[in-house]
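Asker: Here you go, this is entry28.cif (mmCIF, C-alpha atoms and all ligand atoms).
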```
data_data
loop_
_atom_site.group_PDB
_atom_site.id
_atom_site.type_symbol
_atom_site.label_atom_id
_atom_site.label_comp_id
_atom_site.auth_asym_id
_atom_site.auth_seq_id
_atom_site.Cartn_x
_atom_site.Cartn_y
_atom_site.Cartn_z
ATOM 1 C CA MET A 21 8.339 22.134 -0.685
ATOM 2 C CA THR A 22 8.692 18.362 -0.733
ATOM 3 C CA SER A 23 5.527 16.323 -0.993
ATOM 4 C CA LYS A 24 4.880 13.452 1.370
ATOM 5 C CA PRO A 25 5.565 9.872 0.329
ATOM 6 C CA ARG A 26 2.527 8.150 -1.125
ATOM 7 C CA LEU A 27 0.567 5.062 -0.328
ATOM 8 C CA ASN A 28 -1.084 4.223 -3.664
ATOM 9 C CA ILE A 29 -3.912 1.714 -3.433
ATOM 10 C CA CYS A 30 -5.235 -0.003 -6.532
ATOM 11 C CA ILE A 31 -8.974 0.602 -6.503
ATOM 12 C CA THR A 32 -9.718 -1.871 -9.297
ATOM 13 C CA CYS A 33 -8.232 -4.935 -7.607
ATOM 14 C CA THR A 34 -10.053 -8.111 -6.708
ATOM 15 C CA ALA A 35 -8.690 -9.755 -3.559
ATOM 16 C CA SER A 36 -6.689 -12.899 -4.219
ATOM 17 C CA THR A 37 -8.957 -14.727 -1.763
ATOM 18 C CA ALA A 38 -12.178 -13.679 -3.549
ATOM 19 C CA ASP A 39 -14.096 -16.027 -5.828
ATOM 20 C CA ALA A 40 -15.254 -13.192 -8.078
ATOM 21 C CA PRO A 41 -14.916 -9.412 -8.362
ATOM 22 C CA SER A 42 -16.959 -7.548 -5.761
ATOM 23 C CA ASP A 43 -18.949 -4.356 -6.232
ATOM 24 C CA PRO A 44 -17.339 -2.114 -5.187
ATOM 25 C CA ARG A 45 -14.059 -3.832 -5.882
ATOM 26 C CA ASP A 46 -12.017 -5.113 -2.955
ATOM 27 C CA GLY A 47 -9.327 -2.555 -3.787
ATOM 28 C CA LYS A 48 -11.863 0.292 -3.614
ATOM 29 C CA GLN A 49 -13.052 -1.035 -0.266
ATOM 30 C CA LEU A 50 -9.443 -1.128 0.933
ATOM 31 C CA PHE A 51 -8.918 2.453 -0.234
ATOM 32 C CA ASP A 52 -12.128 3.723 1.380
ATOM 33 C CA ARG A 53 -11.396 1.970 4.669
ATOM 34 C CA MET A 54 -7.848 3.339 4.716
ATOM 35 C CA ALA A 55 -9.141 6.844 3.967
ATOM 36 C CA ALA A 56 -11.533 6.549 6.907
ATOM 37 C CA LEU A 57 -8.804 5.188 9.167
ATOM 38 C CA CYS A 58 -6.455 8.032 8.223
ATOM 39 C CA ALA A 59 -9.033 10.825 8.268
ATOM 40 C CA ASP A 60 -8.462 11.917 11.847
ATOM 41 C CA HIS A 61 -4.696 11.577 11.908
ATOM 42 C CA ASP A 62 -1.873 13.736 10.609
ATOM 43 C CA LEU A 63 0.099 10.998 8.913
ATOM 44 C CA PRO A 64 3.518 11.263 7.238
ATOM 45 C CA PHE A 65 2.185 9.931 3.934
ATOM 46 C CA ASP A 66 -0.547 10.810 1.444
ATOM 47 C CA LEU A 67 -3.123 8.337 0.259
ATOM 48 C CA HIS A 68 -3.767 8.050 -3.488
ATOM 49 C CA PRO A 69 -6.041 5.846 -5.588
ATOM 50 C CA ALA A 70 -4.494 4.057 -8.555
ATOM 51 C CA GLU A 71 -6.012 1.991 -11.339
ATOM 52 C CA CYS A 72 -4.150 -1.274 -11.843
ATOM 53 C CA LEU A 73 -0.559 -1.785 -10.760
ATOM 54 C CA THR A 74 -0.250 -4.790 -13.111
ATOM 55 C CA ASN A 75 -0.304 -7.184 -10.193
ATOM 56 C CA CYS A 76 -3.888 -8.283 -10.651
ATOM 57 C CA LYS A 77 -3.420 -11.963 -9.778
ATOM 58 C CA SER A 78 -2.037 -10.997 -6.364
ATOM 59 C CA GLY A 79 -4.518 -8.290 -5.396
ATOM 60 C CA CYS A 80 -5.240 -6.248 -3.461
ATOM 61 C CA SER A 81 -2.150 -4.366 -4.526
ATOM 62 C CA VAL A 82 -0.536 -1.206 -3.211
ATOM 63 C CA ALA A 83 2.584 0.793 -4.042
ATOM 64 C CA LEU A 84 4.723 3.002 -1.824
ATOM 65 C CA ASN A 85 6.855 5.716 -3.382
ATOM 66 C CA GLY A 86 8.418 9.014 -2.477
ATOM 67 C CA ALA A 87 11.211 11.433 -3.402
ATOM 68 C CA GLY A 88 14.613 9.845 -2.873
ATOM 69 C CA LYS A 89 13.089 6.582 -1.728
ATOM 70 C CA TRP A 90 13.004 3.065 -3.098
ATOM 71 C CA GLY A 91 9.556 2.248 -4.402
ATOM 72 C CA TYR A 92 7.758 -0.914 -3.278
ATOM 73 C CA VAL A 93 4.830 -2.868 -4.657
ATOM 74 C CA TYR A 94 2.989 -5.112 -2.216
ATOM 75 C CA GLY A 95 0.351 -7.690 -3.073
ATOM 76 C CA ASN A 96 -2.220 -9.860 -1.316
ATOM 77 C CA VAL A 97 -3.267 -7.106 1.053
ATOM 78 C CA ASP A 98 -6.444 -8.262 2.775
ATOM 79 C CA PRO A 99 -8.890 -5.343 3.086
ATOM 80 C CA ASP A 100 -10.597 -7.062 6.030
ATOM 81 C CA THR A 101 -7.601 -7.838 8.226
ATOM 82 C CA MET A 102 -4.555 -5.764 7.206
ATOM 83 C CA LEU A 103 -5.665 -2.132 7.442
ATOM 84 C CA ASP A 104 -3.780 -1.266 10.632
ATOM 85 C CA ASP A 105 -0.685 -3.107 9.453
ATOM 86 C CA LEU A 106 -0.759 -1.318 6.105
ATOM 87 C CA ARG A 107 -0.991 2.049 7.823
ATOM 88 C CA ASP A 108 1.895 1.044 10.083
ATOM 89 C CA LEU A 109 3.993 -0.037 7.105
ATOM 90 C CA ALA A 110 3.286 3.190 5.195
ATOM 91 C CA THR A 111 4.200 5.238 8.276
ATOM 92 C CA ARG A 112 7.489 3.375 8.720
ATOM 93 C CA TYR A 113 8.187 3.794 5.007
ATOM 94 C CA ALA A 114 7.523 7.528 5.149
ATOM 95 C CA ASP A 115 9.693 7.920 8.249
ATOM 96 C CA SER A 116 12.612 6.011 6.716
ATOM 97 C CA GLU A 117 15.481 7.822 5.054
ATOM 98 C CA ASN A 118 15.521 5.888 1.793
ATOM 99 C CA GLY A 119 12.275 3.916 1.814
ATOM 100 C CA ILE A 120 13.864 0.736 3.076
ATOM 101 C CA VAL A 121 12.000 -0.739 6.029
ATOM 102 C CA ALA A 122 13.951 -3.640 7.488
ATOM 103 C CA TRP A 123 12.201 -6.988 7.213
ATOM 104 C CA ARG A 124 11.894 -7.344 10.993
ATOM 105 C CA GLU A 125 10.384 -3.863 11.274
ATOM 106 C CA ARG A 126 7.612 -4.597 8.788
ATOM 107 C CA PRO A 127 4.258 -5.714 10.148
ATOM 108 C CA GLU A 128 4.316 -9.489 10.219
ATOM 109 C CA THR A 129 1.295 -9.877 7.948
ATOM 110 C CA LEU A 130 3.031 -7.945 5.166
ATOM 111 C CA ARG A 131 6.597 -9.252 5.440
ATOM 112 C CA ARG A 132 6.250 -11.734 2.597
ATOM 113 C CA ASN A 133 4.049 -9.611 0.363
ATOM 114 C CA VAL A 134 6.653 -7.586 -1.525
ATOM 115 C CA ILE A 135 6.207 -8.065 -5.272
ATOM 116 C CA ALA A 136 8.882 -5.651 -6.492
ATOM 117 C CA ARG A 137 11.037 -2.755 -5.465
ATOM 118 C CA ILE A 138 12.154 0.067 -7.712
ATOM 119 C CA PRO A 139 15.306 2.179 -7.288
ATOM 120 C CA PRO A 140 14.884 5.838 -6.350
ATOM 121 C CA LEU A 141 15.116 8.438 -9.107
ATOM 122 C CA ASP A 142 17.742 10.491 -7.319
HETATM 123 S S1 LIG A 201 -6.459 -4.392 -10.939
HETATM 124 FE FE1 LIG A 201 -5.187 -3.999 -9.184
HETATM 125 S S2 LIG A 201 -3.208 -4.564 -9.910
HETATM 126 FE FE2 LIG A 201 -4.476 -4.816 -11.652
#
```
Can you give me the file's structure in the form of C-alpha cells?

Answerer:
Amino acid sequence: MTSKPRLNICITCTASTADAPSDPRDGKQLFDRMAALCADHDLPFDLHPAECLTNCKSGCSVALNGAGKWGYVYGNVDPDTMLDDLRDLATRYADSENGIVAWRERPETLRRNVIARIPPLD
C-alpha cells in the first residue's frame, strides 16, 4: 500500500509579516485552519505537522513530498489569506505524476514562493 503524498506544515513558524511570534504560532494556526478545512473532504494528500523546516525567515513554511515525487519547500504562506490556495496546490501536487506542478497551474499567490525542490528518492 502506498501512502498519500504529504503536506507538511511547520507549526513553529512565525509569519514573515508578523512583528513578533504569536501564541499559538502562526504556523500552528495555519496547520489548525488547514486541518479544519480538510476535515470534511477526502483529499489526495495527508496533512502532517513539522517542527522547523529551516526556513524560519520566510515563514510560514510548508513542504510537499511523496513517493516518487519531487519534494518542494514553500515559504511566506499567509495563514489568513492562502488556505484555499495551499489546499489547491497540495491537491495538484498529489494528483501529479512526479510532483511537478507547472508554474501556470499553481495558485497565483504561491507561484513565487518556492524556496527549494528536492529530487525524488526513486
Ligand atoms: S520555525 Fe518554521 S521553518 Fe523554522

Asker: For Gly47 (chain A), find every residue with an atom within 7 Å (counting all atoms listed in the file), except residues of its own chain fewer than 3 positions away, and show them as a VMD selection string.

Answerer: chain A and resid 29 to 34 50 to 51 80

Asker: With only C-alpha atoms as the counted atoms, please give the residues lying no more than 12 Å from Leu57 (chain A), apart from itself and same-chain residues fewer than 2 positions off, as a list in words.

Answerer: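 Answer for this query is Leu50, Phe51, Asp52, Arg53, Met54, Ala55, Ala59, Asp60, His61, Asp62, Leu63, Leu67, Met102, Leu103, Asp104, Asp105, Leu106, Arg107 and Asp108 of chain A.
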
Asker: Considering all atoms listed in the file, state which residue in the set A:Val93, A:Ile120, A:Asp46, A:Leu130 is at the smallest distance from Leu73 (chain A).

Answerer: A:Val93

Asker: Any idea what's packed within 12 Å of Trp123 (chain A), counting all atoms listed in the file, ignoring anything in its chain fewer than 2 positions away? Could you give it as an MDAnalysis selection string?

Answerer: chainID A and resid 109 112:113 120:121 125:134

Asker: How would you write, as a list in words, the residues chosen by the PyMOL selection byres (((chain A and resi 83) around 10) and not hetatm) on this structure?

Answerer: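 Expected selection for the PyMOL selection byres (((chain A and resi 83) around 10) and not hetatm) here is Arg26, Leu27, Asn28, Ile29, Cys30, His68, Ala70, Leu73, Ser81, Val82, Leu84, Asn85, Gly91, Tyr92, Val93, Tyr94, Gly95, Ala110, Val134, Ile135, Ala136 and Arg137 of chain A.
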
Asker: What is the distance between CA of Glu71 (chain A) and CA of Arg45 (chain A), in Å to one decimal?

Answerer: 11.3 Å

Asker: One decimal, in Å: what's the spacing between CA of Ile138 (chain A) and CA of Pro44 (chain A)?

Answerer: 29.7 Å

Asker: Output, as lines of an AutoDock Vina configuration file, the centre and edge lengths in Å (one decimal) of the axis-aligned box that contains all listed atoms of ligand LIG 201 (chain A) with 5 Å of margin on each side.

Answerer:
```
center_x = -4.8
center_y = -4.4
center_z = -10.4
size_x = 13.3
size_y = 10.8
size_z = 12.5
```

Asker: Looking at all atoms listed in the file, which of A:Leu141, A:Trp90, A:Lys77, A:Ala114 is the one that sits closest to ligand LIG 201 (chain A)?

Answerer: A:Lys77

Asker: List every protein, DNA or RNA residue with an atom no more than 6 Å from (6.0, 9.4, 5.5) in the file's coordinates, counting only C-alpha atoms, and format the result as a list in words.

Answerer: Lys24, Pro25, Pro64, Phe65, Thr111, Ala114 and Asp115 of chain A

Asker: From the set A:Thr101, A:Asn118, A:Ser42, A:Ser78, which residue has the shortest atom-to-atom contact distance to ligand LIG 201 (chain A), counting all atoms listed in the file?

Answerer: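 So, comparing all the options, the nearest one is A:Ser78.
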
Asker: Find the distance between CA of Ala56 (chain A) and atom S1 of ligand LIG 201 (chain A) and write it in Å to one decimal.

Answerer: 21.5 Å

Asker: Given all atoms listed in the file as the basis, pick out the residue of A:Ser23, A:Ala87, A:Asn75, A:Pro69 nearest to ligand LIG 201 (chain A).

Answerer: A:Asn75
